[in-house]
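Below is one structure, written out as structure tokens; comments come after it.
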Amino acid sequence: MAHTLVKLNVHIVFHVKSRGIGMRKEDLPQIFAYIGGIIRSIGGAPIEVGGVTNHVHILSSLPKTMSLADFVRVVKAKSSKWMKAIDPYYESFMWQVGYGAFSVSPSILENTIRYIRNQEAHHRKQSFEKEYKTFLNAYNVQYDEQYAFGD
């Protein structure tokens, strides 16, 4: 095969550092748009970026030349650096070290987009911890609760 052809859709979730500051609600659209721009700049294809003040959901196709770990590291590093530069409020902003990443088949792409778009309403009923545990359990990911939610 002469060409490398890849289409890997992934739903990535990461949280702000628990002892740090959260994102302001009014800044979320700008932050999510910037994250989409980072993804495009590294060869990914953002499908939906959203979340609430304490965590982000990214649905994206991964670049074919970058590992998932490097992809998330770059997105987190560039977004937090940019946030610190746009407003003194974010001077001490940090993401947690870890993240969750889940494969998304084309058959559930639209459902995943709707899910990310409805985060605010969703989190009126369910905490981040419960949401994250639901993902981990649905994908049969083994985890130690002591480490799954710490910084």
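Ligands are numbered from 1 in the order shown, chains are lettered A, B, ... in the order of the structure tokens, and residues start at 1 in each chain.
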Contacts between range 83-87 of chain A and range 20-61 of chain A, please, where a residue of range 20-61 of chain A counts if it comes within 10 Å (with only C-alpha atoms); show its shortest atom pair and distance in Å to one decimal, rows by chain and ascending number, as JSON lines.
```
{"residue": "A:Met23", "atom": "CA", "partner": "A:Met83", "partner_atom": "CA", "distance": 9.3}
{"residue": "A:Asp27", "atom": "CA", "partner": "A:Met83", "partner_atom": "CA", "distance": 9.7}
{"residue": "A:Gln30", "atom": "CA", "partner": "A:Met83", "partner_atom": "CA", "distance": 9.9}
{"residue": "A:Ile31", "atom": "CA", "partner": "A:Met83", "partner_atom": "CA", "distance": 7.7}
{"residue": "A:Tyr34", "atom": "CA", "partner": "A:Met83", "partner_atom": "CA", "distance": 9.5}
```
Counting only C-alpha atoms, give me one row per residue of range 71-110 of chain A with an atom at most 12 Å from an atom of range 127-132 of chain A, showing the shortest contact pair and its distance in Å to one decimal, sorted by chain then residue number, as CSV.
```
residue,atom,partner,partner_atom,distance
A:Tyr99,CA,A:Tyr132,CA,10.1
A:Gly100,CA,A:Tyr132,CA,8.1
A:Ala101,CA,A:Tyr132,CA,10.6
A:Phe102,CA,A:Tyr132,CA,11.1
```
**Asked** When distances are computed from only C-alpha atoms, which of A:Gly36, A:Gly51, A:Gly44, A:Gly20 shows the smallest separation from Leu8 in chain A?
**Response**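 Smallest distance to Leu8 in chain A is found for A:Gly44.
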**Item:** Best match for closeness to Ile113 in chain A among A:Val72, A:Met66, A:Ile47, A:Leu5, counting only C-alpha atoms
**Value:**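 With only C-alpha atoms as the atom set, the closest residue is A:Ile47.
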**Asked** What gap, in Å, lies between CA of Phe32 in chain A and CA of Val141 in chain A?
**Response**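 Computing the Euclidean distance for CA of Phe32 in chain A and CA of Val141 in chain A yields 26.9 Å.
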**Fill in**
Nearest to Lys76 in chain A, restricted to only C-alpha atoms and choosing among A:Leu28, A:Tyr143, A:Leu62, A:Lys17, comes out as A:Lys17
**Prompt:** Which residues come within 12 Å of Arg117 in chain A, counting only C-alpha atoms, excluding same-chain residues fewer than 3 positions away, as a VMD selection string?
**Reply:** chain A and resid 29 32 47 to 52 56 to 59 110 to 114 120 to 123
Would you save the residues from that selection as a PDB file, in the first residue's frame, using N, CA and C atoms?
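See out35.pdb below for the written result:
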```pdb
ATOM      1  N   PRO A  29     -16.725  29.540  25.033  1.00  0.00           N
ATOM      2  CA  PRO A  29     -16.737  29.488  23.557  1.00  0.00           C
ATOM      3  C   PRO A  29     -15.382  29.835  22.935  1.00  0.00           C
ATOM      4  N   PHE A  32     -12.919  26.874  23.644  1.00  0.00           N
ATOM      5  CA  PHE A  32     -13.214  25.712  22.807  1.00  0.00           C
ATOM      6  C   PHE A  32     -12.817  25.970  21.355  1.00  0.00           C
ATOM      7  N   ILE A  47     -14.120  17.728  15.535  1.00  0.00           N
ATOM      8  CA  ILE A  47     -15.511  17.515  15.164  1.00  0.00           C
ATOM      9  C   ILE A  47     -16.416  18.294  16.113  1.00  0.00           C
ATOM     10  N   GLU A  48     -16.120  18.236  17.402  1.00  0.00           N
ATOM     11  CA  GLU A  48     -16.867  19.004  18.413  1.00  0.00           C
ATOM     12  C   GLU A  48     -15.972  19.194  19.621  1.00  0.00           C
ATOM     13  N   VAL A  49     -15.953  20.404  20.156  1.00  0.00           N
ATOM     14  CA  VAL A  49     -15.223  20.719  21.384  1.00  0.00           C
ATOM     15  C   VAL A  49     -16.206  21.413  22.296  1.00  0.00           C
ATOM     16  N   GLY A  50     -16.318  20.945  23.526  1.00  0.00           N
ATOM     17  CA  GLY A  50     -17.256  21.542  24.467  1.00  0.00           C
ATOM     18  C   GLY A  50     -16.925  21.127  25.879  1.00  0.00           C
ATOM     19  N   GLY A  51     -17.855  21.407  26.768  1.00  0.00           N
ATOM     20  CA  GLY A  51     -17.661  21.062  28.168  1.00  0.00           C
ATOM     21  C   GLY A  51     -18.290  22.098  29.068  1.00  0.00           C
ATOM     22  N   VAL A  52     -17.804  22.130  30.280  1.00  0.00           N
ATOM     23  CA  VAL A  52     -18.268  23.085  31.281  1.00  0.00           C
ATOM     24  C   VAL A  52     -17.041  23.675  31.964  1.00  0.00           C
ATOM     25  N   VAL A  56     -13.256  19.517  29.831  1.00  0.00           N
ATOM     26  CA  VAL A  56     -13.416  19.658  28.384  1.00  0.00           C
ATOM     27  C   VAL A  56     -13.663  18.292  27.761  1.00  0.00           C
ATOM     28  N   HIS A  57     -14.529  18.286  26.746  1.00  0.00           N
ATOM     29  CA  HIS A  57     -14.736  17.112  25.891  1.00  0.00           C
ATOM     30  C   HIS A  57     -14.295  17.494  24.487  1.00  0.00           C
ATOM     31  N   ILE A  58     -13.516  16.632  23.877  1.00  0.00           N
ATOM     32  CA  ILE A  58     -13.062  16.848  22.505  1.00  0.00           C
ATOM     33  C   ILE A  58     -13.433  15.617  21.695  1.00  0.00           C
ATOM     34  N   LEU A  59     -14.145  15.822  20.614  1.00  0.00           N
ATOM     35  CA  LEU A  59     -14.378  14.763  19.637  1.00  0.00           C
ATOM     36  C   LEU A  59     -13.593  15.167  18.403  1.00  0.00           C
ATOM     37  N   GLU A 110     -22.899  11.172  15.660  1.00  0.00           N
ATOM     38  CA  GLU A 110     -23.915  12.208  15.898  1.00  0.00           C
ATOM     39  C   GLU A 110     -24.373  12.221  17.353  1.00  0.00           C
ATOM     40  N   ASN A 111     -24.533  11.050  17.966  1.00  0.00           N
ATOM     41  CA  ASN A 111     -24.914  10.982  19.386  1.00  0.00           C
ATOM     42  C   ASN A 111     -23.833  11.606  20.264  1.00  0.00           C
ATOM     43  N   THR A 112     -22.587  11.378  19.918  1.00  0.00           N
ATOM     44  CA  THR A 112     -21.475  11.935  20.697  1.00  0.00           C
ATOM     45  C   THR A 112     -21.422  13.453  20.552  1.00  0.00           C
ATOM     46  N   ILE A 113     -21.662  13.949  19.360  1.00  0.00           N
ATOM     47  CA  ILE A 113     -21.710  15.406  19.139  1.00  0.00           C
ATOM     48  C   ILE A 113     -22.812  16.021  20.005  1.00  0.00           C
ATOM     49  N   ARG A 114     -23.994  15.437  19.978  1.00  0.00           N
ATOM     50  CA  ARG A 114     -25.113  15.949  20.795  1.00  0.00           C
ATOM     51  C   ARG A 114     -24.765  15.906  22.286  1.00  0.00           C
ATOM     52  N   GLU A 120     -23.785  21.319  29.581  1.00  0.00           N
ATOM     53  CA  GLU A 120     -24.301  22.149  30.672  1.00  0.00           C
ATOM     54  C   GLU A 120     -25.565  21.531  31.268  1.00  0.00           C
ATOM     55  N   ALA A 121     -26.498  21.149  30.444  1.00  0.00           N
ATOM     56  CA  ALA A 121     -27.737  20.518  30.930  1.00  0.00           C
ATOM     57  C   ALA A 121     -27.435  19.173  31.578  1.00  0.00           C
ATOM     58  N   HIS A 122     -26.547  18.428  30.976  1.00  0.00           N
ATOM     59  CA  HIS A 122     -26.180  17.110  31.507  1.00  0.00           C
ATOM     60  C   HIS A 122     -25.629  17.228  32.927  1.00  0.00           C
ATOM     61  N   HIS A 123     -24.782  18.228  33.160  1.00  0.00           N
ATOM     62  CA  HIS A 123     -24.127  18.341  34.461  1.00  0.00           C
ATOM     63  C   HIS A 123     -24.992  19.020  35.523  1.00  0.00           C
TER      64      HIS A 123
END
```
**Item:** Test item: residues at most 9 Å from Ile42 in chain A, only C-alpha atoms, excluding those fewer than 5 positions along its chain, as a list in words
**Value:**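 The residues satisfying every condition are Gly37, Pro63, Met66, Phe71 and Val74 of chain A.
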